[in-house]
Every structure is written in C-alpha cells, then in structure tokens.
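Here is the structure we will look at.
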Amino acid sequence: MYQQLIDYFENKSVLILGFGKEGQSTYNFLRKFYPDKKIAIADKRELKIDDNNVELITGDKYLDAINDFDLVMQSPGISLREVNVEATTEITGQMDLFLRFADCIKIGITGTKGKTTTTTLVYNIVKASGKKCALIGNIGVPVFESLDDTDGLVAVIEMSCHQLEFAKKSPDISIFTNIYPEHLDHYNGFEGYYGAKLNIVNNQNENNFFIYNSDQKELAEILDFTKIKSKTIPVSYEYSLKDEFLQKLTKINDNLKGYHTHHDIFLAANAARCLGISDEDIEKGIKSFEPIAHRMEKVGTWKDITFYNDSIATIPYAVMCAVNALEKVDTLIFGGLDRGIDYSTFVTDLNESKLNNLIGLPETGKNIIDELKKINCSKNLVIVDTMDEAVECAYKCTEKGKICLFSPAASSYNRYRNFEEKGNHFKNLAKEYGTK
C-alpha cells in the first residue's frame, strides 16, 4: 500500500506546476484522497477548472509563485534554471515520489537514445515470464497511474532527464543506454543534462543493479564508479556476441535491426537475468516486440519508394544509426529547432555517407546544408521551408526501389508541438503524395 505517499501531501501547501498529462494525473490523485484540500495549479496557458478549492496561476509569470508553497509537483519539461528556489520549498514530481514510496520492484531505463526500445523490450520479457508488470513513465503513462495495485508488481519505467532531475531515490534495477548532448537549452549545458540522468544510479544501494553501455567512452567518463554502491553490469556489444544465446536474440525479430538496437537487446536481457527470468522467456519477449511508432517506422511504399518515419531521432547519432540500419536509404529529410548542438561531426558523416539526396528543414537543416555547401559536398542538397515541400521533393529525387528516411536530428518545437505531431505530418504527406 502507498499510504506513506498519501500522507506525504498532508499538512503541506501544494502547487501543481504544469497541467499537461502528468499535472492532470497529479490533480486526480490529490482529489481522490484530499477532496477538499486547497491546491494551486500554475501553467503558462490559460486554464479553466470547475473546482472551488483550486487557485489558478497562469500567464508568463506563472513560475513566480513557486516559493509560496511547501511542495511543488513539477511536470517534466518545465525548466527552473532561472528560478531561485528557496530552501523552504521542495521541488519534486511523480517519478521521485513513485520511486520513494511505491511498494514494488522498479526497473528504470534512461539514456539519450534507445530508452523506448529498451524499456519496451524489458516489459515484453517480464510480461512473457508471467510476472505482473506495468509499462509506465516517459513512454506516455504517468507513474501514479500504476499505484492502485502494486502488490507483486514489476514496474518497467522509461525515465527522461526531466523526470530524474529531482529524484532522490533510484530504481532497483537501472539501465543507462548512452549519453549524447541534448536539452542543452533546458539545463544550461551538458553537465546539467547528464547530472539529471545520473540520478538513476546515484541513490542505489548494494542490493541494486546498474546496467550500462560500456562501449561508450562518453558514458564511462561521466560515471564515478567510486560512488556507485550497486552491483555494476557493463554491457559490451562485442563481448555480448560471445554469448551464443545473446547472439541468437539479434536474429529472431526483423523489427530489431542495427547495432544500436542489438545493444538495446543485450541491455534488456541482462536486466531480465537480474530478475531471474529464464532464457526461454527472454526469447519469447524479444520475439513479441513490435515496431514503435516514430522509431524507424515503416510508413509504406508508394511509386516504388519506401518511406520510413524516425521523428524520435532528435540527435545526429540516432539519425546515422537509422541510416546504417536501413542500408538502402537514398534520401534523408532532416532539421528542426536549433538548441545549440554541435553538428560538425554530423556534417562530415553526411558528406561521407552513401546518401544521395539531403533535404533540410528549418532551422538546423538549412544550417547543415549551408555547411555542406562550404565543403563542396557533391550530393543533391535541397533547402525547403515546409514538410510538404520536403516530401514533394523526395518523390522527385529518390531512386526507385530505395528508401526516403525522415530523421530530424533536432527537436520539433520550432514548428510542431512534439515529435509525434511532426512524424504524423510526414506520414500523412508521404501517403497523400504517393496516392495522387
């Protein structure tokens, strides 16, 4: 039972910061156990809520009220980098409180890329073993949604940097897939970003397990093993292939292609072994994996061109992984919000790749195309202003029998609400132009 969690809100003034999916989930939780409690909700957007015990704080200065409350339930993605939070105010969120108070086994997965695939693989394996499990967190389900029946539960949790930022407890089994510069604008630099991620291991104990990608030197550089108290399990691609069973897992599902995805398989299999799950059930879980929307998602084939949507790829590394895994990519559509990421290596990779057509969307796509022109790149370089123009151009220039891949290497927020909206727009346009 999670009575401790319920009691934690008692006698505290509470502010729900952000009223998206998680903020609404927090409100519903509080109203379930504290129907008459005075609550404040702060959001930049104008809000309407039929509740006389709610104070609404909206508009551009919605963050100014933070220090007026004992407890602030921060929604992931709201940056407090410019807020001076006083010691009398506690900043927390659903992830932190779930880790501290929910009575169940918790498997947490974080990293810049590979979180969703690895999380889904772990969940499939745990489910195949017959254990009661829930797939929650950054994958789209607020963690408080799994509180009603935690007895015997294995919670498989995708954890973003935003959800881990104020976490004071770590999961029983933690997986760290990799680390690359991202969200630099939110954290005022790379150190703040990876510092948030490290909360997945910082508060583990000697009975816990920490599984990490030992092939990535950048990850090894930020891990201080003298401070890690849990049992560490390094996962190397080359070493994993020496295990006949793990090698077999890379060949049993055509939806799991490429080095980076095979590494996700190895991370998930090691987590399952920590739980004592049999190799037979691990294999069942891998076989049951189905493609994840917006991650190397096959959209369809029209006019003898196959379209793939990889809108979740918001950094260059993920884009090149998709290009290499799909092999027959002739055209790449990329670009989005400029968040200060260094694209110099990406420019070199694109120039040296077998891609023939590079179509750049605002803002970063245009900048990258400009850099490619400066080095006299011989590929077909096209700058467009809209996704419509990009897809129309792709139909004109992509070689028949080959692939057009949309993989942005940037955030979507300059033109879209999120990567899902951007990916869906691409998919709709690919079909629309293909069936004209």
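Ordering of the structure tokens sets the chain letters (A, B, ...), residue numbers begin anew at 1 in every chain, and ligands are numbered from 1 in the order given.
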TODO: Name the residues of stretch 44-146 of chain A that come out as alpha helix (DSSP H) in a backbone DSSP run; write them as a PyMOL selection string.
DONE: chain A and resi 94-101+115-128
Output for the residues just chosen: N, CA and C atoms as a PDB file, in the first residue's frame:
ATOM      1  N   GLN A  94       6.079  13.213  -9.883  1.00  0.00           N
ATOM      2  CA  GLN A  94       5.545  11.854  -9.755  1.00  0.00           C
ATOM      3  C   GLN A  94       6.652  10.807  -9.735  1.00  0.00           C
ATOM      4  N   MET A  95       7.673  10.954 -10.594  1.00  0.00           N
ATOM      5  CA  MET A  95       8.715   9.933 -10.656  1.00  0.00           C
ATOM      6  C   MET A  95       9.441   9.805  -9.326  1.00  0.00           C
ATOM      7  N   ASP A  96       9.837  10.928  -8.753  1.00  0.00           N
ATOM      8  CA  ASP A  96      10.545  10.914  -7.470  1.00  0.00           C
ATOM      9  C   ASP A  96       9.708  10.246  -6.389  1.00  0.00           C
ATOM     10  N   LEU A  97       8.444  10.628  -6.276  1.00  0.00           N
ATOM     11  CA  LEU A  97       7.595  10.082  -5.206  1.00  0.00           C
ATOM     12  C   LEU A  97       7.261   8.615  -5.449  1.00  0.00           C
ATOM     13  N   PHE A  98       7.096   8.219  -6.709  1.00  0.00           N
ATOM     14  CA  PHE A  98       6.862   6.809  -7.018  1.00  0.00           C
ATOM     15  C   PHE A  98       8.068   5.977  -6.602  1.00  0.00           C
ATOM     16  N   LEU A  99       9.256   6.440  -6.924  1.00  0.00           N
ATOM     17  CA  LEU A  99      10.468   5.705  -6.553  1.00  0.00           C
ATOM     18  C   LEU A  99      10.617   5.614  -5.037  1.00  0.00           C
ATOM     19  N   ARG A 100      10.215   6.654  -4.333  1.00  0.00           N
ATOM     20  CA  ARG A 100      10.388   6.678  -2.882  1.00  0.00           C
ATOM     21  C   ARG A 100       9.334   5.858  -2.143  1.00  0.00           C
ATOM     22  N   PHE A 101       8.103   5.825  -2.656  1.00  0.00           N
ATOM     23  CA  PHE A 101       7.015   5.295  -1.845  1.00  0.00           C
ATOM     24  C   PHE A 101       6.273   4.082  -2.421  1.00  0.00           C
ATOM     25  N   LYS A 115      15.990   4.575 -25.128  1.00  0.00           N
ATOM     26  CA  LYS A 115      15.161   4.365 -23.930  1.00  0.00           C
ATOM     27  C   LYS A 115      13.896   3.597 -24.244  1.00  0.00           C
ATOM     28  N   THR A 116      13.169   4.051 -25.255  1.00  0.00           N
ATOM     29  CA  THR A 116      11.852   3.471 -25.526  1.00  0.00           C
ATOM     30  C   THR A 116      11.978   2.024 -25.987  1.00  0.00           C
ATOM     31  N   THR A 117      12.925   1.755 -26.881  1.00  0.00           N
ATOM     32  CA  THR A 117      13.117   0.378 -27.354  1.00  0.00           C
ATOM     33  C   THR A 117      13.509  -0.533 -26.198  1.00  0.00           C
ATOM     34  N   THR A 118      14.488  -0.101 -25.400  1.00  0.00           N
ATOM     35  CA  THR A 118      14.950  -0.937 -24.285  1.00  0.00           C
ATOM     36  C   THR A 118      13.847  -1.144 -23.263  1.00  0.00           C
ATOM     37  N   THR A 119      13.114  -0.084 -22.950  1.00  0.00           N
ATOM     38  CA  THR A 119      12.012  -0.191 -21.993  1.00  0.00           C
ATOM     39  C   THR A 119      10.961  -1.177 -22.483  1.00  0.00           C
ATOM     40  N   THR A 120      10.604  -1.072 -23.754  1.00  0.00           N
ATOM     41  CA  THR A 120       9.587  -1.970 -24.315  1.00  0.00           C
ATOM     42  C   THR A 120      10.075  -3.415 -24.329  1.00  0.00           C
ATOM     43  N   LEU A 121      11.349  -3.617 -24.641  1.00  0.00           N
ATOM     44  CA  LEU A 121      11.921  -4.971 -24.623  1.00  0.00           C
ATOM     45  C   LEU A 121      11.874  -5.564 -23.222  1.00  0.00           C
ATOM     46  N   VAL A 122      12.269  -4.768 -22.222  1.00  0.00           N
ATOM     47  CA  VAL A 122      12.229  -5.259 -20.838  1.00  0.00           C
ATOM     48  C   VAL A 122      10.795  -5.624 -20.454  1.00  0.00           C
ATOM     49  N   TYR A 123       9.860  -4.751 -20.779  1.00  0.00           N
ATOM     50  CA  TYR A 123       8.452  -5.003 -20.454  1.00  0.00           C
ATOM     51  C   TYR A 123       7.954  -6.286 -21.127  1.00  0.00           C
ATOM     52  N   ASN A 124       8.260  -6.459 -22.403  1.00  0.00           N
ATOM     53  CA  ASN A 124       7.827  -7.663 -23.115  1.00  0.00           C
ATOM     54  C   ASN A 124       8.371  -8.922 -22.465  1.00  0.00           C
ATOM     55  N   ILE A 125       9.629  -8.860 -22.037  1.00  0.00           N
ATOM     56  CA  ILE A 125      10.258 -10.032 -21.405  1.00  0.00           C
ATOM     57  C   ILE A 125       9.610 -10.336 -20.060  1.00  0.00           C
ATOM     58  N   VAL A 126       9.425  -9.300 -19.239  1.00  0.00           N
ATOM     59  CA  VAL A 126       8.804  -9.502 -17.922  1.00  0.00           C
ATOM     60  C   VAL A 126       7.389 -10.055 -18.085  1.00  0.00           C
ATOM     61  N   LYS A 127       6.674  -9.515 -19.059  1.00  0.00           N
ATOM     62  CA  LYS A 127       5.315  -9.996 -19.331  1.00  0.00           C
ATOM     63  C   LYS A 127       5.322 -11.446 -19.782  1.00  0.00           C
ATOM     64  N   ALA A 128       6.281 -11.805 -20.638  1.00  0.00           N
ATOM     65  CA  ALA A 128       6.374 -13.187 -21.124  1.00  0.00           C
ATOM     66  C   ALA A 128       6.685 -14.169 -20.003  1.00  0.00           C
TER      67      ALA A 128
END
So which residues touch A:Pro181 within 10 Å, counting only C-alpha atoms, skipping near sequence neighbours fewer than 6 positions away, as a tab-separated table (two decimals) with N, CA, C and O atoms, in the first residue's frame?
chain	number	residue	atom	x	y	z
A	112	THR	N	20.18	8.95	-23.66
A	112	THR	CA	19.75	9.91	-24.67
A	112	THR	C	18.92	9.24	-25.74
A	112	THR	O	17.87	9.75	-26.14
A	189	GLY	N	23.56	23.66	-20.43
A	189	GLY	CA	24.78	22.94	-20.77
A	189	GLY	C	24.70	21.44	-20.54
A	189	GLY	O	23.75	20.92	-19.95
A	190	PHE	N	25.73	20.75	-21.00
A	190	PHE	CA	25.76	19.29	-20.97
A	190	PHE	C	25.86	18.75	-19.55
A	190	PHE	O	25.27	17.73	-19.21
A	191	GLU	N	26.62	19.43	-18.69
A	191	GLU	CA	26.82	18.94	-17.33
A	191	GLU	C	25.50	18.85	-16.56
A	191	GLU	O	25.25	17.88	-15.84
A	193	TYR	N	22.58	18.46	-17.90
A	193	TYR	CA	21.79	17.40	-18.54
A	193	TYR	C	22.18	16.03	-18.02
A	193	TYR	O	21.33	15.27	-17.53
A	194	TYR	N	23.47	15.71	-18.08
A	194	TYR	CA	23.84	14.37	-17.62
A	194	TYR	C	23.76	14.24	-16.10
A	194	TYR	O	23.56	13.15	-15.56
A	315	ILE	N	18.86	13.62	-32.29
A	315	ILE	CA	20.29	13.92	-32.27
A	315	ILE	C	20.95	13.22	-33.46
A	315	ILE	O	20.44	12.21	-33.97
A	316	PRO	N	22.09	13.73	-33.94
A	316	PRO	CA	22.75	13.15	-35.11
A	316	PRO	C	23.08	11.66	-34.98
A	316	PRO	O	22.94	10.91	-35.95
A	340	GLY	N	21.48	24.51	-30.02
A	340	GLY	CA	22.89	24.70	-29.69
A	340	GLY	C	23.74	23.45	-29.78
A	340	GLY	O	24.87	23.43	-29.29
A	341	ILE	N	23.23	22.38	-30.40
A	341	ILE	CA	24.01	21.16	-30.56
A	341	ILE	C	25.10	21.39	-31.62
A	341	ILE	O	24.88	22.05	-32.63
A	342	ASP	N	26.27	20.81	-31.42
A	342	ASP	CA	27.37	20.88	-32.38
A	342	ASP	C	27.12	19.86	-33.49
A	342	ASP	O	27.10	18.65	-33.24
TODO: Compare A:Val141, A:Leu361, A:Ala293, A:Leu80 by their minimum atom-to-atom distance to A:Val391, counting only C-alpha atoms, and give me the closest one.
DONE: A:Leu361
TODO: Compare A:Ile375, A:Leu256, A:Ala155, A:Ala430 by their minimum atom-to-atom distance to A:Phe406, counting only C-alpha atoms, and give me the closest one.
DONE: A:Ala430
